[in-house]
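Colleague: So I've got this file, entry22.pdb, and it contains PDB, C-alpha atoms, pLDDT in the B column:
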```pdb
ATOM      1  CA  MET A   1       4.427  11.365  15.568  1.00 39.00           C
ATOM      2  CA  SER A   2       1.758  13.968  15.098  1.00 40.00           C
ATOM      3  CA  GLY A   3      -1.509  13.463  13.323  1.00 38.00           C
ATOM      4  CA  THR A   4      -0.387  15.603  10.388  1.00 40.00           C
ATOM      5  CA  THR A   5       2.185  13.041   9.316  1.00 41.00           C
ATOM      6  CA  THR A   6       1.317  10.352   6.822  1.00 45.00           C
ATOM      7  CA  ASP A   7       2.564   6.800   7.084  1.00 52.00           C
ATOM      8  CA  ALA A   8       4.021   7.076   3.607  1.00 67.00           C
ATOM      9  CA  ALA A   9       7.516   5.774   3.154  1.00 81.00           C
ATOM     10  CA  HIS A  10      10.173   7.237   0.925  1.00 90.00           C
ATOM     11  CA  GLN A  11      12.841   5.436  -1.050  1.00 93.00           C
ATOM     12  CA  VAL A  12      15.833   7.182   0.528  1.00 95.00           C
ATOM     13  CA  ALA A  13      18.429   4.960   2.201  1.00 96.00           C
ATOM     14  CA  LEU A  14      20.724   5.817   5.113  1.00 96.00           C
ATOM     15  CA  THR A  15      24.101   4.097   5.369  1.00 97.00           C
ATOM     16  CA  ASP A  16      25.239   2.654   8.687  1.00 97.00           C
ATOM     17  CA  ALA A  17      28.019   5.265   8.859  1.00 96.00           C
ATOM     18  CA  ALA A  18      25.525   8.110   8.385  1.00 97.00           C
ATOM     19  CA  ARG A  19      23.124   6.594  10.924  1.00 97.00           C
ATOM     20  CA  ASP A  20      25.902   6.284  13.486  1.00 96.00           C
ATOM     21  CA  LYS A  21      27.014   9.896  12.893  1.00 96.00           C
ATOM     22  CA  VAL A  22      23.446  11.173  13.320  1.00 96.00           C
ATOM     23  CA  HIS A  23      23.138   9.198  16.583  1.00 94.00           C
ATOM     24  CA  GLN A  24      26.416  10.739  17.756  1.00 95.00           C
ATOM     25  CA  LEU A  25      25.335  14.294  16.884  1.00 94.00           C
ATOM     26  CA  LEU A  26      21.945  13.905  18.578  1.00 94.00           C
ATOM     27  CA  THR A  27      23.584  12.472  21.705  1.00 93.00           C
ATOM     28  CA  GLN A  28      25.997  15.415  21.814  1.00 94.00           C
ATOM     29  CA  GLU A  29      23.044  17.809  21.574  1.00 90.00           C
ATOM     30  CA  GLY A  30      21.069  15.860  24.173  1.00 92.00           C
ATOM     31  CA  ARG A  31      18.089  15.708  21.811  1.00 91.00           C
ATOM     32  CA  ASP A  32      15.993  12.707  20.954  1.00 87.00           C
ATOM     33  CA  ASP A  33      13.124  14.637  19.352  1.00 91.00           C
ATOM     34  CA  LEU A  34      14.941  15.631  16.144  1.00 95.00           C
ATOM     35  CA  LYS A  35      14.585  13.993  12.746  1.00 95.00           C
ATOM     36  CA  LEU A  36      17.013  14.152   9.824  1.00 96.00           C
ATOM     37  CA  ARG A  37      15.176  16.000   7.051  1.00 96.00           C
ATOM     38  CA  ILE A  38      16.292  15.912   3.434  1.00 95.00           C
ATOM     39  CA  ALA A  39      14.632  18.156   0.882  1.00 94.00           C
ATOM     40  CA  VAL A  40      15.147  19.467  -2.614  1.00 91.00           C
ATOM     41  CA  GLN A  41      14.673  23.170  -3.254  1.00 87.00           C
ATOM     42  CA  PRO A  42      15.094  25.434  -6.280  1.00 84.00           C
ATOM     43  CA  GLY A  43      18.498  27.113  -6.437  1.00 77.00           C
ATOM     44  CA  GLY A  44      22.152  26.535  -7.173  1.00 67.00           C
ATOM     45  CA  CYS A  45      23.845  26.750 -10.526  1.00 69.00           C
ATOM     46  CA  SER A  46      22.200  23.567 -11.855  1.00 66.00           C
ATOM     47  CA  GLY A  47      18.646  24.360 -10.752  1.00 78.00           C
ATOM     48  CA  LEU A  48      18.101  22.287  -7.581  1.00 82.00           C
ATOM     49  CA  ILE A  49      19.933  22.066  -4.268  1.00 86.00           C
ATOM     50  CA  TYR A  50      19.779  19.632  -1.387  1.00 90.00           C
ATOM     51  CA  GLN A  51      18.796  20.683   2.102  1.00 92.00           C
ATOM     52  CA  LEU A  52      19.903  18.291   4.868  1.00 94.00           C
ATOM     53  CA  PHE A  53      19.207  19.358   8.445  1.00 95.00           C
ATOM     54  CA  PHE A  54      17.780  18.340  11.810  1.00 95.00           C
ATOM     55  CA  ASP A  55      14.124  19.205  12.261  1.00 96.00           C
ATOM     56  CA  GLU A  56      11.662  18.827  15.098  1.00 94.00           C
ATOM     57  CA  ARG A  57       8.644  19.614  12.920  1.00 92.00           C
ATOM     58  CA  SER A  58       6.274  17.245  11.151  1.00 88.00           C
ATOM     59  CA  LEU A  59       4.638  18.601   8.010  1.00 91.00           C
ATOM     60  CA  ASP A  60       1.578  17.469   6.076  1.00 91.00           C
ATOM     61  CA  GLY A  61       2.559  14.785   3.596  1.00 91.00           C
ATOM     62  CA  ASP A  62       5.926  13.951   5.189  1.00 95.00           C
ATOM     63  CA  ALA A  63       7.293  10.524   4.369  1.00 95.00           C
ATOM     64  CA  ILE A  64       9.240   9.066   7.299  1.00 94.00           C
ATOM     65  CA  VAL A  65      11.447   5.990   7.563  1.00 94.00           C
ATOM     66  CA  ASP A  66      13.106   4.920  10.812  1.00 95.00           C
ATOM     67  CA  PHE A  67      16.665   3.571  10.597  1.00 95.00           C
ATOM     68  CA  ASP A  68      17.311   2.009  14.019  1.00 94.00           C
ATOM     69  CA  GLY A  69      16.204   5.105  15.902  1.00 92.00           C
ATOM     70  CA  VAL A  70      17.134   7.727  13.303  1.00 94.00           C
ATOM     71  CA  GLN A  71      14.071   9.084  11.547  1.00 95.00           C
ATOM     72  CA  VAL A  72      14.710  10.311   8.011  1.00 96.00           C
ATOM     73  CA  VAL A  73      11.981  12.649   6.767  1.00 96.00           C
ATOM     74  CA  VAL A  74      11.257  13.736   3.187  1.00 96.00           C
ATOM     75  CA  ASP A  75       8.530  16.238   2.314  1.00 95.00           C
ATOM     76  CA  GLN A  76       6.044  15.101  -0.307  1.00 93.00           C
ATOM     77  CA  MET A  77       7.321  17.517  -2.982  1.00 92.00           C
ATOM     78  CA  SER A  78      10.886  16.186  -2.646  1.00 93.00           C
ATOM     79  CA  VAL A  79      10.043  12.459  -2.667  1.00 94.00           C
ATOM     80  CA  PRO A  80      10.097  12.056  -6.488  1.00 92.00           C
ATOM     81  CA  TYR A  81      13.463  13.848  -6.775  1.00 91.00           C
ATOM     82  CA  LEU A  82      15.072  11.761  -4.028  1.00 94.00           C
ATOM     83  CA  SER A  83      13.666   8.283  -4.699  1.00 93.00           C
ATOM     84  CA  GLY A  84      16.540   5.791  -4.753  1.00 94.00           C
ATOM     85  CA  SER A  85      19.014   8.200  -3.151  1.00 94.00           C
ATOM     86  CA  THR A  86      21.431   7.196  -0.412  1.00 96.00           C
ATOM     87  CA  ILE A  87      22.608   9.454   2.417  1.00 96.00           C
ATOM     88  CA  GLY A  88      26.117   8.537   3.513  1.00 96.00           C
ATOM     89  CA  PHE A  89      28.842   9.938   5.707  1.00 96.00           C
ATOM     90  CA  GLU A  90      32.527  10.224   4.812  1.00 93.00           C
ATOM     91  CA  ASP A  91      35.368  10.898   7.215  1.00 90.00           C
ATOM     92  CA  THR A  92      38.579  10.938   5.206  1.00 90.00           C
ATOM     93  CA  ILE A  93      41.436  13.328   4.657  1.00 90.00           C
ATOM     94  CA  GLU A  94      39.848  14.482   1.409  1.00 88.00           C
ATOM     95  CA  LYS A  95      36.304  14.897   2.642  1.00 85.00           C
ATOM     96  CA  GLN A  96      34.306  14.944   5.842  1.00 89.00           C
ATOM     97  CA  GLY A  97      30.557  15.218   5.978  1.00 92.00           C
ATOM     98  CA  PHE A  98      27.292  13.841   4.758  1.00 93.00           C
ATOM     99  CA  THR A  99      26.969  12.798   1.122  1.00 91.00           C
ATOM    100  CA  ILE A 100      23.940  12.287  -1.088  1.00 91.00           C
ATOM    101  CA  ASP A 101      24.123   9.800  -3.946  1.00 91.00           C
ATOM    102  CA  ASN A 102      21.133  10.516  -6.166  1.00 89.00           C
ATOM    103  CA  PRO A 103      20.560   8.369  -9.282  1.00 88.00           C
ATOM    104  CA  ASN A 104      17.873  10.832 -10.454  1.00 81.00           C
ATOM    105  CA  ALA A 105      20.353  13.694 -10.877  1.00 77.00           C
ATOM    106  CA  GLN A 106      20.907  14.168 -14.598  1.00 69.00           C
ATOM    107  CA  GLY A 107      23.724  16.631 -14.188  1.00 60.00           C
ATOM    108  CA  SER A 108      25.531  18.501 -11.464  1.00 56.00           C
ATOM    109  CA  CYS A 109      27.855  21.430 -11.151  1.00 52.00           C
ATOM    110  CA  ALA A 110      31.457  21.546  -9.981  1.00 49.00           C
ATOM    111  CA  CYS A 111      30.492  22.477  -6.421  1.00 48.00           C
ATOM    112  CA  GLY A 112      28.587  19.205  -6.055  1.00 51.00           C
ATOM    113  CA  ASP A 113      25.775  20.880  -4.136  1.00 52.00           C
ATOM    114  CA  SER A 114      23.465  21.526  -7.069  1.00 48.00           C
ATOM    115  CA  PHE A 115      21.906  19.184  -9.613  1.00 49.00           C
ATOM    116  CA  SER A 116      19.291  18.979 -12.339  1.00 45.00           C
TER     117      SER A 116
END
```
How would this structure read if it were set down as structure tokens?
Modeller:
Amino acid sequence: MSGTTTDAAHQVALTDAARDKVHQLLTQEGRDDLKLRIAVQPGGCSGLIYQLFFDERSLDGDAIVDFDGVQVVVDQMSVPYLSGSTIGFEDTIEKQGFTIDNPNAQGSCACGDSFS
């Protein structure tokens, strides 16, 4: 980790299924230097949208938690919005992909990608 990263932890959880999927994706890419970053940004029909992506950067104020080799990073501005959230992964006929269960979301829109 670089010197610009704090040792602060965040309160975001990663399910075993999501951790295993991230491991699988990183192995396929042949990368072991990427972290799973989750952030909240203005936008969407309810005011805020989630950003979930692989990132090689470390930013000032990042909170990082390691889940058996998968580093989950949250920027300091997003930490309060995401505290208590769980990142999961579903692989069913109805839905495939990462999910975010956020108890702080007061309302969401029909698309499920935006919340307030």
Colleague: Do you have the atom CA of Ala17 of chain A-atom CA of Phe98 of chain A distance handy?
Modeller: 9.5 Å
Colleague: Expressed in Å to a single decimal, how great is the separation between atom CA of Ala105 of chain A and atom CA of Thr92 of chain A?
Modeller: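 Going from atom CA of Ala105 of chain A over to atom CA of Thr92 of chain A, I get 24.5 Å.
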Colleague: Would you pick out the contacts of segment 66-72 of chain A at 12 Å or less, using all atoms listed in the file, so that residues sharing its chain but fewer than 2 positions from it are not included, and give the list as JSON, numbers by chain?
Modeller: {"A": [1, 7, 8, 9, 10, 11, 12, 13, 14, 15, 16, 17, 18, 19, 20, 21, 22, 23, 24, 25, 26, 27, 31, 32, 33, 34, 35, 36, 37, 38, 39, 52, 53, 54, 55, 56, 57, 58, 62, 63, 64, 74, 75, 79, 86, 87]}
Colleague: Could you write out the selected residues, including C-alpha atoms, as a PDB file, in the coordinates of the input?
Modeller:
```pdb
ATOM      1  CA  MET A   1       4.427  11.365  15.568  1.00 39.00           C
ATOM      2  CA  ASP A   7       2.564   6.800   7.084  1.00 52.00           C
ATOM      3  CA  ALA A   8       4.021   7.076   3.607  1.00 67.00           C
ATOM      4  CA  ALA A   9       7.516   5.774   3.154  1.00 81.00           C
ATOM      5  CA  HIS A  10      10.173   7.237   0.925  1.00 90.00           C
ATOM      6  CA  GLN A  11      12.841   5.436  -1.050  1.00 93.00           C
ATOM      7  CA  VAL A  12      15.833   7.182   0.528  1.00 95.00           C
ATOM      8  CA  ALA A  13      18.429   4.960   2.201  1.00 96.00           C
ATOM      9  CA  LEU A  14      20.724   5.817   5.113  1.00 96.00           C
ATOM     10  CA  THR A  15      24.101   4.097   5.369  1.00 97.00           C
ATOM     11  CA  ASP A  16      25.239   2.654   8.687  1.00 97.00           C
ATOM     12  CA  ALA A  17      28.019   5.265   8.859  1.00 96.00           C
ATOM     13  CA  ALA A  18      25.525   8.110   8.385  1.00 97.00           C
ATOM     14  CA  ARG A  19      23.124   6.594  10.924  1.00 97.00           C
ATOM     15  CA  ASP A  20      25.902   6.284  13.486  1.00 96.00           C
ATOM     16  CA  LYS A  21      27.014   9.896  12.893  1.00 96.00           C
ATOM     17  CA  VAL A  22      23.446  11.173  13.320  1.00 96.00           C
ATOM     18  CA  HIS A  23      23.138   9.198  16.583  1.00 94.00           C
ATOM     19  CA  GLN A  24      26.416  10.739  17.756  1.00 95.00           C
ATOM     20  CA  LEU A  25      25.335  14.294  16.884  1.00 94.00           C
ATOM     21  CA  LEU A  26      21.945  13.905  18.578  1.00 94.00           C
ATOM     22  CA  THR A  27      23.584  12.472  21.705  1.00 93.00           C
ATOM     23  CA  ARG A  31      18.089  15.708  21.811  1.00 91.00           C
ATOM     24  CA  ASP A  32      15.993  12.707  20.954  1.00 87.00           C
ATOM     25  CA  ASP A  33      13.124  14.637  19.352  1.00 91.00           C
ATOM     26  CA  LEU A  34      14.941  15.631  16.144  1.00 95.00           C
ATOM     27  CA  LYS A  35      14.585  13.993  12.746  1.00 95.00           C
ATOM     28  CA  LEU A  36      17.013  14.152   9.824  1.00 96.00           C
ATOM     29  CA  ARG A  37      15.176  16.000   7.051  1.00 96.00           C
ATOM     30  CA  ILE A  38      16.292  15.912   3.434  1.00 95.00           C
ATOM     31  CA  ALA A  39      14.632  18.156   0.882  1.00 94.00           C
ATOM     32  CA  LEU A  52      19.903  18.291   4.868  1.00 94.00           C
ATOM     33  CA  PHE A  53      19.207  19.358   8.445  1.00 95.00           C
ATOM     34  CA  PHE A  54      17.780  18.340  11.810  1.00 95.00           C
ATOM     35  CA  ASP A  55      14.124  19.205  12.261  1.00 96.00           C
ATOM     36  CA  GLU A  56      11.662  18.827  15.098  1.00 94.00           C
ATOM     37  CA  ARG A  57       8.644  19.614  12.920  1.00 92.00           C
ATOM     38  CA  SER A  58       6.274  17.245  11.151  1.00 88.00           C
ATOM     39  CA  ASP A  62       5.926  13.951   5.189  1.00 95.00           C
ATOM     40  CA  ALA A  63       7.293  10.524   4.369  1.00 95.00           C
ATOM     41  CA  ILE A  64       9.240   9.066   7.299  1.00 94.00           C
ATOM     42  CA  VAL A  74      11.257  13.736   3.187  1.00 96.00           C
ATOM     43  CA  ASP A  75       8.530  16.238   2.314  1.00 95.00           C
ATOM     44  CA  VAL A  79      10.043  12.459  -2.667  1.00 94.00           C
ATOM     45  CA  THR A  86      21.431   7.196  -0.412  1.00 96.00           C
ATOM     46  CA  ILE A  87      22.608   9.454   2.417  1.00 96.00           C
TER      47      ILE A  87
END
```
Colleague: Looking at all atoms listed in the file, which of A:Ser83, A:Ser78, A:Gln96, A:Asp91 is the one that sits closest to Leu48 of chain A?
Modeller: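 Using all atoms listed in the file, Leu48 of chain A sits closest to A:Ser78.
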Colleague: Quote the spacing between atom CA of Ile49 of chain A and atom CA of Gln28 of chain A in Å to one decimal place.
Modeller: 27.6 Å
Colleague: Around all the atoms of segment 94-102 of chain A listed in the file, with 6 Å of room on each side, what axis-aligned box do you get, giving centre and edge lengths in Å to one decimal, as JSON?
Modeller:
```
{"center_x": 30.5, "center_y": 12.5, "center_z": -0.1, "size_x": 30.7, "size_y": 17.4, "size_z": 24.1}
```
Colleague: Under the rule that all atoms listed in the file are counted, which of A:Phe89, A:Glu29, A:Gly61, A:Asn102 is the nearest residue to Met77 of chain A?
Modeller: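 The closest residue to Met77 of chain A is A:Gly61.
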